[in-house]
file model-v2.csv (CSV, N, CA and C atoms)
chain,number,residue,atom,x,y,z
A,1205,MET,N,28.3,-2.7,-39.0
A,1205,MET,CA,28.3,-2.5,-40.5
A,1205,MET,C,28.6,-3.9,-41.2
A,1206,GLU,N,29.5,-4.7,-40.6
A,1206,GLU,CA,29.8,-6.0,-41.2
A,1206,GLU,C,28.6,-6.9,-41.2
A,1207,ILE,N,27.8,-6.8,-40.2
A,1207,ILE,CA,26.6,-7.6,-40.2
A,1207,ILE,C,25.7,-7.2,-41.4
A,1208,VAL,N,25.5,-5.9,-41.6
A,1208,VAL,CA,24.7,-5.5,-42.7
A,1208,VAL,C,25.2,-6.0,-44.0
A,1209,GLU,N,26.5,-5.9,-44.2
A,1209,GLU,CA,27.1,-6.4,-45.4
A,1209,GLU,C,26.9,-7.9,-45.6
A,1210,LEU,N,27.1,-8.7,-44.5
A,1210,LEU,CA,26.9,-10.1,-44.5
A,1210,LEU,C,25.4,-10.5,-44.8
A,1211,VAL,N,24.5,-9.7,-44.2
A,1211,VAL,CA,23.1,-10.0,-44.4
A,1211,VAL,C,22.7,-9.7,-45.9
A,1212,TYR,N,23.2,-8.7,-46.4
A,1212,TYR,CA,23.0,-8.4,-47.9
A,1212,TYR,C,23.5,-9.5,-48.7
A,1213,LEU,N,24.6,-10.1,-48.4
A,1213,LEU,CA,25.2,-11.2,-49.2
A,1213,LEU,C,24.3,-12.4,-49.1
A,1214,VAL,N,24.0,-12.7,-47.8
A,1214,VAL,CA,23.2,-13.9,-47.5
A,1214,VAL,C,21.8,-13.8,-48.2
A,1215,CYS,N,21.2,-12.7,-48.2
A,1215,CYS,CA,19.9,-12.5,-48.8
A,1215,CYS,C,19.9,-12.8,-50.3
A,1216,ARG,N,21.0,-12.6,-50.9
A,1216,ARG,CA,21.0,-12.9,-52.3
A,1216,ARG,C,20.8,-14.4,-52.6
A,1217,SER,N,21.1,-15.2,-51.6
A,1217,SER,CA,21.0,-16.7,-51.8
A,1217,SER,C,19.6,-17.2,-51.4
A,1218,LEU,N,18.7,-16.3,-50.9
A,1218,LEU,CA,17.4,-16.8,-50.6
A,1218,LEU,C,16.6,-17.2,-51.8
A,1219,PRO,N,15.6,-18.1,-51.6
A,1219,PRO,CA,14.8,-18.4,-52.8
A,1219,PRO,C,14.1,-17.2,-53.3
A,1220,GLN,N,13.7,-17.2,-54.6
A,1220,GLN,CA,13.1,-16.0,-55.2
A,1220,GLN,C,11.9,-15.5,-54.5
A,1221,ASP,N,11.0,-16.3,-54.0
A,1221,ASP,CA,9.8,-15.8,-53.3
A,1221,ASP,C,10.2,-15.2,-52.0
A,1222,GLU,N,11.3,-15.6,-51.3
A,1222,GLU,CA,11.7,-15.0,-50.1
A,1222,GLU,C,12.5,-13.7,-50.2
A,1223,ARG,N,12.9,-13.4,-51.4
A,1223,ARG,CA,13.7,-12.2,-51.7
A,1223,ARG,C,12.8,-11.0,-51.5
A,1224,TYR,N,11.5,-11.2,-51.5
A,1224,TYR,CA,10.5,-10.1,-51.3
A,1224,TYR,C,9.8,-10.1,-50.0
A,1225,VAL,N,10.1,-11.1,-49.2
A,1225,VAL,CA,9.4,-11.2,-47.9
A,1225,VAL,C,10.5,-11.2,-46.8
A,1226,LEU,N,11.1,-12.3,-46.6
A,1226,LEU,CA,12.1,-12.5,-45.5
A,1226,LEU,C,13.4,-11.6,-45.8
A,1227,GLY,N,13.8,-11.6,-47.0
A,1227,GLY,CA,15.0,-10.8,-47.3
A,1227,GLY,C,14.9,-9.3,-46.9
A,1228,PRO,N,13.9,-8.6,-47.3
A,1228,PRO,CA,13.8,-7.2,-46.9
A,1228,PRO,C,13.6,-7.1,-45.4
A,1229,GLN,N,13.0,-8.0,-44.7
A,1229,GLN,CA,12.9,-7.9,-43.2
A,1229,GLN,C,14.2,-8.1,-42.6
A,1230,MET,N,15.0,-9.0,-43.1
A,1230,MET,CA,16.4,-9.2,-42.6
A,1230,MET,C,17.2,-8.0,-42.8
A,1231,ARG,N,17.2,-7.4,-44.0
A,1231,ARG,CA,18.0,-6.2,-44.3
A,1231,ARG,C,17.6,-5.1,-43.5
A,1232,ARG,N,16.3,-4.8,-43.3
A,1232,ARG,CA,15.8,-3.7,-42.5
A,1232,ARG,C,16.3,-3.9,-41.0
A,1233,ALA,N,16.2,-5.1,-40.5
A,1233,ALA,CA,16.6,-5.3,-39.1
A,1233,ALA,C,18.1,-5.0,-39.0
A,1234,ALA,N,18.9,-5.6,-40.0
A,1234,ALA,CA,20.4,-5.4,-40.0
A,1234,ALA,C,20.7,-3.9,-40.1
A,1235,ILE,N,20.1,-3.2,-41.0
A,1235,ILE,CA,20.4,-1.8,-41.2
A,1235,ILE,C,20.1,-1.0,-39.9
A,1236,SER,N,19.0,-1.4,-39.2
A,1236,SER,CA,18.6,-0.7,-38.1
A,1236,SER,C,19.6,-0.7,-36.9
A,1237,ILE,N,20.4,-1.7,-36.9
A,1237,ILE,CA,21.4,-1.9,-35.8
A,1237,ILE,C,22.4,-0.7,-35.8
A,1238,PRO,N,23.2,-0.5,-36.8
A,1238,PRO,CA,24.2,0.6,-36.8
A,1238,PRO,C,23.5,1.9,-36.9
A,1239,SER,N,22.4,2.0,-37.6
A,1239,SER,CA,21.7,3.3,-37.8
A,1239,SER,C,21.3,3.8,-36.4
A,1240,ASN,N,20.7,3.0,-35.6
A,1240,ASN,CA,20.3,3.5,-34.3
A,1240,ASN,C,21.4,3.8,-33.4
A,1241,ILE,N,22.5,3.1,-33.5
A,1241,ILE,CA,23.7,3.4,-32.7
A,1241,ILE,C,24.2,4.8,-33.1
A,1242,ALA,N,24.3,5.1,-34.4
A,1242,ALA,CA,24.7,6.4,-34.9
A,1242,ALA,C,23.7,7.5,-34.5
A,1243,GLU,N,22.4,7.2,-34.7
A,1243,GLU,CA,21.4,8.3,-34.3
A,1243,GLU,C,21.5,8.6,-32.8
A,1244,GLY,N,21.6,7.5,-32.0
A,1244,GLY,CA,21.7,7.8,-30.6
A,1244,GLY,C,22.9,8.6,-30.2
A,1245,ASN,N,24.0,8.3,-30.8
A,1245,ASN,CA,25.2,9.0,-30.5
A,1245,ASN,C,25.1,10.5,-30.9
A,1246,ALA,N,24.4,10.7,-32.0
A,1246,ALA,CA,24.3,12.1,-32.5
A,1246,ALA,C,23.3,12.9,-31.7
A,1247,ARG,N,22.5,12.3,-30.8
A,1247,ARG,CA,21.6,13.0,-30.0
A,1247,ARG,C,22.3,13.8,-28.9
A,1248,ARG,N,23.5,13.4,-28.6
A,1248,ARG,CA,24.4,14.1,-27.6
A,1248,ARG,C,23.7,14.1,-26.2
A,1249,SER,N,23.0,13.0,-25.9
A,1249,SER,CA,22.4,12.9,-24.6
A,1249,SER,C,22.6,11.4,-24.2
A,1250,ARG,N,23.1,11.2,-23.0
A,1250,ARG,CA,23.3,9.9,-22.5
A,1250,ARG,C,22.0,9.1,-22.5
A,1251,ILE,N,21.0,9.7,-22.0
A,1251,ILE,CA,19.7,9.0,-21.9
A,1251,ILE,C,19.2,8.6,-23.3
A,1252,GLU,N,19.3,9.5,-24.2
A,1252,GLU,CA,18.8,9.2,-25.6
A,1252,GLU,C,19.7,8.1,-26.2
A,1253,TYR,N,21.0,8.2,-26.0
A,1253,TYR,CA,21.9,7.2,-26.5
A,1253,TYR,C,21.6,5.8,-26.0
A,1254,LEU,N,21.3,5.8,-24.7
A,1254,LEU,CA,20.9,4.5,-24.1
A,1254,LEU,C,19.7,3.9,-24.7
A,1255,ARG,N,18.7,4.8,-25.0
A,1255,ARG,CA,17.4,4.4,-25.6
A,1255,ARG,C,17.7,3.9,-27.0
A,1256,TYR,N,18.5,4.5,-27.8
A,1256,TYR,CA,18.8,4.1,-29.1
A,1256,TYR,C,19.6,2.8,-29.1
A,1257,LEU,N,20.5,2.6,-28.1
A,1257,LEU,CA,21.2,1.3,-28.0
A,1257,LEU,C,20.3,0.2,-27.7
A,1258,ALA,N,19.2,0.5,-26.9
A,1258,ALA,CA,18.2,-0.5,-26.6
A,1258,ALA,C,17.5,-0.9,-27.9
A,1259,ILE,N,17.2,0.1,-28.7
A,1259,ILE,CA,16.5,-0.2,-30.0
A,1259,ILE,C,17.4,-1.0,-30.9
A,1260,SER,N,18.7,-0.7,-30.9
A,1260,SER,CA,19.6,-1.5,-31.7
A,1260,SER,C,19.6,-3.0,-31.2
A,1261,ALA,N,19.6,-3.2,-29.9
A,1261,ALA,CA,19.6,-4.5,-29.4
A,1261,ALA,C,18.3,-5.3,-29.8
A,1262,GLU,N,17.2,-4.5,-29.8
A,1262,GLU,CA,15.9,-5.1,-30.3
A,1262,GLU,C,16.0,-5.5,-31.7
A,1263,SER,N,16.6,-4.7,-32.5
A,1263,SER,CA,16.7,-5.0,-34.0
A,1263,SER,C,17.6,-6.2,-34.1
A,1264,LEU,N,18.6,-6.3,-33.3
A,1264,LEU,CA,19.5,-7.5,-33.3
A,1264,LEU,C,18.8,-8.7,-33.0
A,1265,ALA,N,17.9,-8.7,-32.0
A,1265,ALA,CA,17.1,-9.9,-31.6
A,1265,ALA,C,16.2,-10.2,-32.8
A,1266,GLU,N,15.6,-9.2,-33.4
A,1266,GLU,CA,14.8,-9.5,-34.6
A,1266,GLU,C,15.5,-10.2,-35.7
A,1267,LEU,N,16.7,-9.7,-36.0
A,1267,LEU,CA,17.6,-10.3,-37.0
A,1267,LEU,C,17.9,-11.7,-36.6
A,1268,ARG,N,18.3,-12.0,-35.4
A,1268,ARG,CA,18.6,-13.4,-35.0
A,1268,ARG,C,17.4,-14.3,-35.2
A,1269,THR,N,16.2,-13.8,-34.9
A,1269,THR,CA,15.0,-14.6,-35.1
A,1269,THR,C,14.8,-15.0,-36.6
A,1270,GLN,N,15.1,-14.0,-37.4
A,1270,GLN,CA,14.9,-14.2,-38.9
A,1270,GLN,C,16.0,-15.1,-39.4
A,1271,VAL,N,17.2,-15.0,-38.9
A,1271,VAL,CA,18.3,-15.9,-39.3
A,1271,VAL,C,17.9,-17.3,-38.9
A,1272,GLU,N,17.4,-17.5,-37.7
A,1272,GLU,CA,17.0,-18.8,-37.2
A,1272,GLU,C,15.9,-19.4,-38.1
A,1273,LEU,N,14.9,-18.6,-38.5
A,1273,LEU,CA,13.9,-19.0,-39.3
A,1273,LEU,C,14.4,-19.5,-40.7
A,1274,ALA,N,15.2,-18.6,-41.3
A,1274,ALA,CA,15.8,-18.9,-42.6
A,1274,ALA,C,16.6,-20.2,-42.5
A,1275,ALA,N,17.4,-20.4,-41.4
A,1275,ALA,CA,18.1,-21.7,-41.3
A,1275,ALA,C,17.2,-22.9,-41.1
A,1276,ARG,N,16.2,-22.7,-40.3
A,1276,ARG,CA,15.2,-23.9,-40.1
A,1276,ARG,C,14.5,-24.2,-41.4
A,1277,LEU,N,14.3,-23.2,-42.3
A,1277,LEU,CA,13.6,-23.5,-43.5
A,1277,LEU,C,14.6,-24.0,-44.6
A,1278,GLY,N,15.8,-24.1,-44.3
A,1278,GLY,CA,16.8,-24.6,-45.2
A,1278,GLY,C,17.3,-23.5,-46.2
A,1279,TYR,N,17.0,-22.3,-46.0
A,1279,TYR,CA,17.4,-21.2,-46.9
A,1279,TYR,C,18.9,-20.8,-46.7
A,1280,LEU,N,19.4,-21.1,-45.6
A,1280,LEU,CA,20.8,-20.7,-45.3
A,1280,LEU,C,21.7,-21.9,-45.0
A,1281,SER,N,22.9,-21.9,-45.5
A,1281,SER,CA,23.8,-23.0,-45.2
A,1281,SER,C,24.2,-22.9,-43.7
A,1282,ARG,N,24.7,-24.0,-43.2
A,1282,ARG,CA,25.1,-24.1,-41.8
A,1282,ARG,C,26.2,-23.0,-41.6
A,1283,GLU,N,27.1,-22.9,-42.6
A,1283,GLU,CA,28.2,-22.0,-42.5
A,1283,GLU,C,27.7,-20.5,-42.4
A,1284,SER,N,26.7,-20.2,-43.2
A,1284,SER,CA,26.2,-18.8,-43.2
A,1284,SER,C,25.5,-18.5,-42.0
A,1285,SER,N,24.6,-19.4,-41.5
A,1285,SER,CA,23.9,-19.1,-40.3
A,1285,SER,C,24.8,-19.1,-39.1
A,1286,ALA,N,25.8,-20.0,-39.0
A,1286,ALA,CA,26.7,-20.0,-37.9
A,1286,ALA,C,27.5,-18.7,-37.9
A,1287,ASP,N,27.9,-18.2,-39.1
A,1287,ASP,CA,28.7,-16.9,-39.1
A,1287,ASP,C,27.8,-15.8,-38.7
A,1288,LEU,N,26.6,-15.8,-39.1
A,1288,LEU,CA,25.7,-14.7,-38.7
A,1288,LEU,C,25.4,-14.7,-37.2
A,1289,PHE,N,25.2,-15.9,-36.6
A,1289,PHE,CA,25.0,-16.1,-35.2
A,1289,PHE,C,26.2,-15.6,-34.4
A,1290,GLU,N,27.4,-16.0,-34.9
A,1290,GLU,CA,28.6,-15.6,-34.2
A,1290,GLU,C,28.7,-14.1,-34.2
A,1291,ARG,N,28.5,-13.5,-35.3
A,1291,ARG,CA,28.6,-12.0,-35.4
A,1291,ARG,C,27.5,-11.3,-34.6
A,1292,THR,N,26.3,-11.8,-34.6
A,1292,THR,CA,25.3,-11.2,-33.8
A,1292,THR,C,25.6,-11.3,-32.3
A,1293,ASP,N,26.2,-12.4,-31.9
A,1293,ASP,CA,26.6,-12.6,-30.5
A,1293,ASP,C,27.7,-11.5,-30.2
A,1294,GLN,N,28.6,-11.3,-31.1
A,1294,GLN,CA,29.7,-10.3,-30.9
A,1294,GLN,C,29.0,-8.9,-30.7
A,1295,VAL,N,28.1,-8.6,-31.6
A,1295,VAL,CA,27.5,-7.2,-31.5
A,1295,VAL,C,26.6,-7.1,-30.2
A,1296,ALA,N,26.0,-8.2,-29.9
A,1296,ALA,CA,25.2,-8.2,-28.6
A,1296,ALA,C,26.1,-7.9,-27.4
A,1297,ARG,N,27.2,-8.5,-27.4
A,1297,ARG,CA,28.2,-8.3,-26.3
A,1297,ARG,C,28.7,-6.8,-26.3
A,1298,MET,N,28.9,-6.3,-27.5
A,1298,MET,CA,29.4,-4.9,-27.6
A,1298,MET,C,28.3,-3.9,-27.1
A,1299,LEU,N,27.1,-4.2,-27.5
A,1299,LEU,CA,26.0,-3.3,-27.1
A,1299,LEU,C,25.8,-3.4,-25.6
A,1300,VAL,N,25.9,-4.5,-25.0
A,1300,VAL,CA,25.8,-4.7,-23.5
A,1300,VAL,C,26.9,-3.8,-22.8
A,1301,MET,N,28.2,-3.9,-23.4
A,1301,MET,CA,29.3,-3.2,-22.8
A,1301,MET,C,29.1,-1.7,-23.0
A,1302,MET,N,28.6,-1.3,-24.1
A,1302,MET,CA,28.4,0.2,-24.4
A,1302,MET,C,27.3,0.7,-23.4
A,1303,ARG,N,26.2,-0.1,-23.2
A,1303,ARG,CA,25.2,0.4,-22.3
A,1303,ARG,C,25.7,0.4,-20.9
A,1304,ARG,N,26.4,-0.6,-20.5
A,1304,ARG,CA,27.0,-0.6,-19.1
A,1304,ARG,C,27.9,0.7,-18.9
A,1305,GLY,N,28.7,0.9,-19.9
A,1305,GLY,CA,29.7,2.1,-19.8
A,1305,GLY,C,28.9,3.4,-19.7
A,1306,LEU,N,27.9,3.5,-20.5
A,1306,LEU,CA,27.1,4.8,-20.4
A,1306,LEU,C,26.3,4.9,-19.1
A,1307,ARG,N,25.9,3.8,-18.5
A,1307,ARG,CA,25.1,3.9,-17.3
A,1307,ARG,C,26.1,4.3,-16.1
A,1308,LYS,N,27.3,3.8,-16.2
A,1308,LYS,CA,28.3,4.1,-15.1
A,1308,LYS,C,28.9,5.5,-15.2
A,1309,SER,N,28.9,6.1,-16.4
A,1309,SER,CA,29.6,7.4,-16.6
A,1309,SER,C,28.8,8.5,-15.9
A,1310,PRO,N,29.5,9.5,-15.4
A,1310,PRO,CA,28.8,10.5,-14.7
A,1310,PRO,C,28.0,11.5,-15.6
call {"tool": "encode", "arguments": {"input": "model-v2.csv", "output": "structure tokens"}}
result
Amino acid sequence: MEIVELVYLVCRSLPQDERYVLGPQMRRAAISIPSNIAEGNARRSRIEYLRYLAISAESLAELRTQVELAARLGYLSRESSADLFERTDQVARMLVMMRRGLRKSP
């Protein structure tokens, strides 16, 4: 959820023309991460939960690509992009651990 909040804040600083292109893409990818975690958990099936965690990881990769693009185009400050990369790394590690734990559980 913190990544979603941060992405929304960062998107406010995008140039006007990117607020309707890159900004919505970044917000959708960010929102998809916790949404898929919640939906997978609500399915009450380990296999389904694993599938939705994989979708969350894919959305996270999509967001990282969009952050990288925004940084390369000079739309994000070094501080903002570094903060987003650090947080996406944290979430990626958490998703890996969640998936490992679910695969090991009986």
call {"tool": "atom_distance", "arguments": {"input": "model-v2.csv", "atom1": "atom C of A:Ile1241", "atom2": "atom C of A:Tyr1256"}}
result
6.4 Å
call {"tool": "closest_residue", "arguments": {"input": "model-v2.csv", "among": "A:Leu1264, A:Met1230, A:Met1302, A:Ala1275", "to": "A:Tyr1212", "atoms": "all atoms listed in the file"}}
result
A:Met1230
call {"tool": "closest_residue", "arguments": {"input": "model-v2.csv", "among": "A:Leu1257, A:Val1225, A:Leu1280, A:Val1211", "to": "A:Asn1245", "atoms": "only N, CA and C atoms"}}
result
A:Leu1257
call {"tool": "atom_distance", "arguments": {"input": "model-v2.csv", "atom1": "atom C of A:Ala1233", "atom2": "atom C of A:Arg1307"}}
result
26.0 Å
call {"tool": "atom_distance", "arguments": {"input": "model-v2.csv", "atom1": "atom CA of A:Ser1281", "atom2": "atom CA of A:Leu1299"}}
result
26.8 Å
call {"tool": "residues_around", "arguments": {"input": "model-v2.csv", "residues": "A:Leu1277", "least_positions_apart": "4", "cutoff": "12 Å", "atoms": "only C-alpha atoms", "output": "ChimeraX atom specification"}}
result
/A:1218-1219,1222,1226,1270-1273,1281-1282,1285
call {"tool": "residues_near_point", "arguments": {"input": "model-v2.csv", "point": "(19.1, 4.4, -21.4)", "cutoff": "12 Å", "atoms": "only C-alpha atoms", "output": "PDB file with N, CA and C atoms, keeping the file's coordinate frame"}}
result
ATOM      1  N   GLY A1244      21.600   7.500 -32.000  1.00  0.00           N
ATOM      2  CA  GLY A1244      21.700   7.800 -30.600  1.00  0.00           C
ATOM      3  C   GLY A1244      22.900   8.600 -30.200  1.00  0.00           C
ATOM      4  N   ASN A1245      24.000   8.300 -30.800  1.00  0.00           N
ATOM      5  CA  ASN A1245      25.200   9.000 -30.500  1.00  0.00           C
ATOM      6  C   ASN A1245      25.100  10.500 -30.900  1.00  0.00           C
ATOM      7  N   SER A1249      23.000  13.000 -25.900  1.00  0.00           N
ATOM      8  CA  SER A1249      22.400  12.900 -24.600  1.00  0.00           C
ATOM      9  C   SER A1249      22.600  11.400 -24.200  1.00  0.00           C
ATOM     10  N   ARG A1250      23.100  11.200 -23.000  1.00  0.00           N
ATOM     11  CA  ARG A1250      23.300   9.900 -22.500  1.00  0.00           C
ATOM     12  C   ARG A1250      22.000   9.100 -22.500  1.00  0.00           C
ATOM     13  N   ILE A1251      21.000   9.700 -22.000  1.00  0.00           N
ATOM     14  CA  ILE A1251      19.700   9.000 -21.900  1.00  0.00           C
ATOM     15  C   ILE A1251      19.200   8.600 -23.300  1.00  0.00           C
ATOM     16  N   GLU A1252      19.300   9.500 -24.200  1.00  0.00           N
ATOM     17  CA  GLU A1252      18.800   9.200 -25.600  1.00  0.00           C
ATOM     18  C   GLU A1252      19.700   8.100 -26.200  1.00  0.00           C
ATOM     19  N   TYR A1253      21.000   8.200 -26.000  1.00  0.00           N
ATOM     20  CA  TYR A1253      21.900   7.200 -26.500  1.00  0.00           C
ATOM     21  C   TYR A1253      21.600   5.800 -26.000  1.00  0.00           C
ATOM     22  N   LEU A1254      21.300   5.800 -24.700  1.00  0.00           N
ATOM     23  CA  LEU A1254      20.900   4.500 -24.100  1.00  0.00           C
ATOM     24  C   LEU A1254      19.700   3.900 -24.700  1.00  0.00           C
ATOM     25  N   ARG A1255      18.700   4.800 -25.000  1.00  0.00           N
ATOM     26  CA  ARG A1255      17.400   4.400 -25.600  1.00  0.00           C
ATOM     27  C   ARG A1255      17.700   3.900 -27.000  1.00  0.00           C
ATOM     28  N   TYR A1256      18.500   4.500 -27.800  1.00  0.00           N
ATOM     29  CA  TYR A1256      18.800   4.100 -29.100  1.00  0.00           C
ATOM     30  C   TYR A1256      19.600   2.800 -29.100  1.00  0.00           C
ATOM     31  N   LEU A1257      20.500   2.600 -28.100  1.00  0.00           N
ATOM     32  CA  LEU A1257      21.200   1.300 -28.000  1.00  0.00           C
ATOM     33  C   LEU A1257      20.300   0.200 -27.700  1.00  0.00           C
ATOM     34  N   ALA A1258      19.200   0.500 -26.900  1.00  0.00           N
ATOM     35  CA  ALA A1258      18.200  -0.500 -26.600  1.00  0.00           C
ATOM     36  C   ALA A1258      17.500  -0.900 -27.900  1.00  0.00           C
ATOM     37  N   ILE A1259      17.200   0.100 -28.700  1.00  0.00           N
ATOM     38  CA  ILE A1259      16.500  -0.200 -30.000  1.00  0.00           C
ATOM     39  C   ILE A1259      17.400  -1.000 -30.900  1.00  0.00           C
ATOM     40  N   SER A1260      18.700  -0.700 -30.900  1.00  0.00           N
ATOM     41  CA  SER A1260      19.600  -1.500 -31.700  1.00  0.00           C
ATOM     42  C   SER A1260      19.600  -3.000 -31.200  1.00  0.00           C
ATOM     43  N   ALA A1261      19.600  -3.200 -29.900  1.00  0.00           N
ATOM     44  CA  ALA A1261      19.600  -4.500 -29.400  1.00  0.00           C
ATOM     45  C   ALA A1261      18.300  -5.300 -29.800  1.00  0.00           C
ATOM     46  N   LEU A1299      27.100  -4.200 -27.500  1.00  0.00           N
ATOM     47  CA  LEU A1299      26.000  -3.300 -27.100  1.00  0.00           C
ATOM     48  C   LEU A1299      25.800  -3.400 -25.600  1.00  0.00           C
ATOM     49  N   VAL A1300      25.900  -4.500 -25.000  1.00  0.00           N
ATOM     50  CA  VAL A1300      25.800  -4.700 -23.500  1.00  0.00           C
ATOM     51  C   VAL A1300      26.900  -3.800 -22.800  1.00  0.00           C
ATOM     52  N   MET A1302      28.600  -1.300 -24.100  1.00  0.00           N
ATOM     53  CA  MET A1302      28.400   0.200 -24.400  1.00  0.00           C
ATOM     54  C   MET A1302      27.300   0.700 -23.400  1.00  0.00           C
ATOM     55  N   ARG A1303      26.200  -0.100 -23.200  1.00  0.00           N
ATOM     56  CA  ARG A1303      25.200   0.400 -22.300  1.00  0.00           C
ATOM     57  C   ARG A1303      25.700   0.400 -20.900  1.00  0.00           C
ATOM     58  N   ARG A1304      26.400  -0.600 -20.500  1.00  0.00           N
ATOM     59  CA  ARG A1304      27.000  -0.600 -19.100  1.00  0.00           C
ATOM     60  C   ARG A1304      27.900   0.700 -18.900  1.00  0.00           C
ATOM     61  N   GLY A1305      28.700   0.900 -19.900  1.00  0.00           N
ATOM     62  CA  GLY A1305      29.700   2.100 -19.800  1.00  0.00           C
ATOM     63  C   GLY A1305      28.900   3.400 -19.700  1.00  0.00           C
ATOM     64  N   LEU A1306      27.900   3.500 -20.500  1.00  0.00           N
ATOM     65  CA  LEU A1306      27.100   4.800 -20.400  1.00  0.00           C
ATOM     66  C   LEU A1306      26.300   4.900 -19.100  1.00  0.00           C
ATOM     67  N   ARG A1307      25.900   3.800 -18.500  1.00  0.00           N
ATOM     68  CA  ARG A1307      25.100   3.900 -17.300  1.00  0.00           C
ATOM     69  C   ARG A1307      26.100   4.300 -16.100  1.00  0.00           C
ATOM     70  N   LYS A1308      27.300   3.800 -16.200  1.00  0.00           N
ATOM     71  CA  LYS A1308      28.300   4.100 -15.100  1.00  0.00           C
ATOM     72  C   LYS A1308      28.900   5.500 -15.200  1.00  0.00           C
ATOM     73  N   SER A1309      28.900   6.100 -16.400  1.00  0.00           N
ATOM     74  CA  SER A1309      29.600   7.400 -16.600  1.00  0.00           C
ATOM     75  C   SER A1309      28.800   8.500 -15.900  1.00  0.00           C
TER      76      SER A1309
END
call {"tool": "select_by_dssp", "arguments": {"input": "model-v2.csv", "residues": "chain A", "states": "alpha helix (DSSP H)", "output": "ChimeraX atom specification"}}
result
/A:1206-1215,1226-1246,1250-1276,1282-1308
call {"tool": "closest_residue", "arguments": {"input": "model-v2.csv", "among": "A:Ile1237, A:Leu1288, A:Ile1207, A:Val1214", "to": "A:Glu1262", "atoms": "only N, CA and C atoms"}}
result
A:Ile1237
call {"tool": "decode", "arguments": {"input": "model-v2.csv", "residues": "stretch 1238-1253 of chain A", "atoms": "N, CA and C atoms", "output": "mmCIF file, in the first residue's frame"}}
result
data_model
loop_
_atom_site.group_PDB
_atom_site.id
_atom_site.type_symbol
_atom_site.label_atom_id
_atom_site.label_comp_id
_atom_site.auth_asym_id
_atom_site.auth_seq_id
_atom_site.Cartn_x
_atom_site.Cartn_y
_atom_site.Cartn_z
ATOM 1 N N PRO A 1238 -1.035 -4.721 -4.434
ATOM 2 C CA PRO A 1238 -1.755 -5.156 -3.231
ATOM 3 C C PRO A 1238 -3.131 -5.734 -3.539
ATOM 4 N N SER A 1239 -3.741 -5.283 -4.634
ATOM 5 C CA SER A 1239 -5.071 -5.793 -4.995
ATOM 6 C C SER A 1239 -5.020 -7.286 -5.297
ATOM 7 N N ASN A 1240 -4.006 -7.711 -6.037
ATOM 8 C CA ASN A 1240 -3.888 -9.136 -6.356
ATOM 9 C C ASN A 1240 -3.499 -9.967 -5.150
ATOM 10 N N ILE A 1241 -2.718 -9.403 -4.254
ATOM 11 C CA ILE A 1241 -2.395 -10.112 -3.009
ATOM 12 C C ILE A 1241 -3.680 -10.352 -2.220
ATOM 13 N N ALA A 1242 -4.488 -9.317 -2.100
ATOM 14 C CA ALA A 1242 -5.744 -9.441 -1.350
ATOM 15 C C ALA A 1242 -6.703 -10.414 -2.030
ATOM 16 N N GLU A 1243 -6.837 -10.302 -3.339
ATOM 17 C CA GLU A 1243 -7.751 -11.189 -4.056
ATOM 18 C C GLU A 1243 -7.310 -12.639 -3.956
ATOM 19 N N GLY A 1244 -6.012 -12.880 -4.102
ATOM 20 C CA GLY A 1244 -5.512 -14.244 -3.980
ATOM 21 C C GLY A 1244 -5.752 -14.827 -2.601
ATOM 22 N N ASN A 1245 -5.548 -14.017 -1.582
ATOM 23 C CA ASN A 1245 -5.788 -14.476 -0.215
ATOM 24 C C ASN A 1245 -7.265 -14.785 0.001
ATOM 25 N N ALA A 1246 -8.128 -14.000 -0.577
ATOM 26 C CA ALA A 1246 -9.571 -14.197 -0.409
ATOM 27 C C ALA A 1246 -10.065 -15.463 -1.105
ATOM 28 N N ARG A 1247 -9.313 -15.977 -2.033
ATOM 29 C CA ARG A 1247 -9.719 -17.180 -2.770
ATOM 30 C C ARG A 1247 -9.684 -18.426 -1.897
ATOM 31 N N ARG A 1248 -8.963 -18.378 -0.808
ATOM 32 C CA ARG A 1248 -8.879 -19.488 0.148
ATOM 33 C C ARG A 1248 -8.352 -20.781 -0.471
ATOM 34 N N SER A 1249 -7.511 -20.635 -1.463
ATOM 35 C CA SER A 1249 -6.880 -21.778 -2.100
ATOM 36 C C SER A 1249 -5.405 -21.440 -2.259
ATOM 37 N N ARG A 1250 -4.557 -22.340 -1.811
ATOM 38 C CA ARG A 1250 -3.120 -22.090 -1.881
ATOM 39 C C ARG A 1250 -2.671 -21.919 -3.334
ATOM 40 N N ILE A 1251 -3.187 -22.735 -4.214
ATOM 41 C CA ILE A 1251 -2.812 -22.646 -5.630
ATOM 42 C C ILE A 1251 -3.256 -21.303 -6.212
ATOM 43 N N GLU A 1252 -4.464 -20.893 -5.910
ATOM 44 C CA GLU A 1252 -4.962 -19.606 -6.400
ATOM 45 C C GLU A 1252 -4.158 -18.453 -5.800
ATOM 46 N N TYR A 1253 -3.848 -18.558 -4.516
ATOM 47 C CA TYR A 1253 -3.067 -17.509 -3.862
ATOM 48 C C TYR A 1253 -1.698 -17.377 -4.539
#
